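Student: Just dropping this structure here.
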Amino acid sequence: MQLGQQAAQDVYQQHSARLPRATPAQIFTAVQTDGLFRDGSLQIADHHAAGGNTTYVYQFDYAPAEDLYALGATHCAELPFLFDTFDAYPDSPVLAGAGDAQRVLCREFATVVAEFVTAGKIRDWLPYVPATAARIRRFG
């Protein structure tokens, strides 16, 4: 991602406001993460929905309470929640301290995904509207 100086400062300030306790390195990581994973996904969702297609977007925000390495919500962290495979990763820092709350999130997330896969829609989730975060469902 390339930005001019003013745009880069604006992006930094937006992330800084959203993450008031973050260090400059954590804010930089958040900017990079959005550029790598979030922004392109939302462009695809915007294009798909603008074409008249029902579109659902989620964001998996789960971060372990015992986050020794300050990883936060990581890429692919939702997979053990989707497939209920916590026990397969006993030493994973991403799943540190997994217990009852994580099992509840696991059931919620897996149920929603299964409903979408089988029915093509989700009864308590409004479809995504292009260029808005209002209908992005957050898990975790």
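By convention here, the chains of the structure tokens are called A, B, ... in the order presented, each chain's residues are numbered starting at 1, and ligands are numbered starting at 1 in the order presented.
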As an mmCIF file with N, CA and C atoms, in the first residue's frame, list the residues of chain A assigned to strand (DSSP E or B) by DSSP on the backbone atoms of this structure.
Tutor:
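Once everything was written out, this is out.cif:
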data_model
loop_
_atom_site.group_PDB
_atom_site.id
_atom_site.type_symbol
_atom_site.label_atom_id
_atom_site.label_comp_id
_atom_site.auth_asym_id
_atom_site.auth_seq_id
_atom_site.Cartn_x
_atom_site.Cartn_y
_atom_site.Cartn_z
ATOM 1 N N VAL A 57 -20.461 -10.449 5.569
ATOM 2 C CA VAL A 57 -19.074 -10.187 5.934
ATOM 3 C C VAL A 57 -18.957 -10.334 7.450
ATOM 4 N N TYR A 58 -17.907 -11.023 7.870
ATOM 5 C CA TYR A 58 -17.651 -11.116 9.303
ATOM 6 C C TYR A 58 -16.213 -10.721 9.581
ATOM 7 N N GLN A 59 -16.002 -10.370 10.838
ATOM 8 C CA GLN A 59 -14.658 -10.066 11.316
ATOM 9 C C GLN A 59 -14.471 -10.855 12.601
ATOM 10 N N PHE A 60 -13.443 -11.671 12.647
ATOM 11 C CA PHE A 60 -13.174 -12.494 13.815
ATOM 12 C C PHE A 60 -12.129 -11.788 14.671
ATOM 13 N N ILE A 136 -21.207 -5.609 9.224
ATOM 14 C CA ILE A 136 -20.118 -6.579 9.380
ATOM 15 C C ILE A 136 -20.316 -7.220 10.745
ATOM 16 N N ARG A 137 -20.519 -8.517 10.743
ATOM 17 C CA ARG A 137 -20.740 -9.216 12.013
ATOM 18 C C ARG A 137 -19.387 -9.521 12.652
ATOM 19 N N ARG A 138 -19.307 -9.184 13.914
ATOM 20 C CA ARG A 138 -18.058 -9.398 14.649
ATOM 21 C C ARG A 138 -18.204 -10.584 15.588
ATOM 22 N N PHE A 139 -17.186 -11.416 15.584
ATOM 23 C CA PHE A 139 -17.124 -12.557 16.486
ATOM 24 C C PHE A 139 -15.888 -12.386 17.357
#
Student: Do you know which residues are at most 9 Å from Arg107 (chain A) counting only C-alpha atoms, after dropping those on the same chain fewer than 5 positions away, and could you put them as a list in words?
Tutor: Phe81, Leu82, Asp84, Gln102 and Val112 of chain A
Student: Atoms to include: C-alpha atoms. Write the selected residues as an mmCIF file, in the first residue's frame.
Tutor:
data_model
loop_
_atom_site.group_PDB
_atom_site.id
_atom_site.type_symbol
_atom_site.label_atom_id
_atom_site.label_comp_id
_atom_site.auth_asym_id
_atom_site.auth_seq_id
_atom_site.Cartn_x
_atom_site.Cartn_y
_atom_site.Cartn_z
ATOM 1 C CA PHE A 81 -13.449 -22.197 16.531
ATOM 2 C CA LEU A 82 -15.064 -23.307 13.297
ATOM 3 C CA ASP A 84 -13.813 -27.215 17.389
ATOM 4 C CA GLN A 102 -14.228 -19.975 23.844
ATOM 5 C CA VAL A 112 -23.655 -19.344 11.788
#
Student: As a list in words, please: the residues near Leu42 (chain A) (cut-off 12 Å, only C-alpha atoms, same-chain neighbours under 5 positions excluded).
Tutor: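 Non-adjacent residues within range: Asp34, Gly35, Leu36, Phe37, His47, His48, Ala49, Ala50, Thr55, Tyr56, Val57, Tyr58, Gln59, Tyr128, Val129, Pro130, Ala131, Thr132, Ala133, Arg135 and Ile136 of chain A.
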Student: Just the helix (DSSP H, G or I) stuff from region 8-91 of chain A, please, per backbone DSSP, written as a PyMOL selection string.
Tutor: chain A and resi 8-18+24-50+78-83+86-88
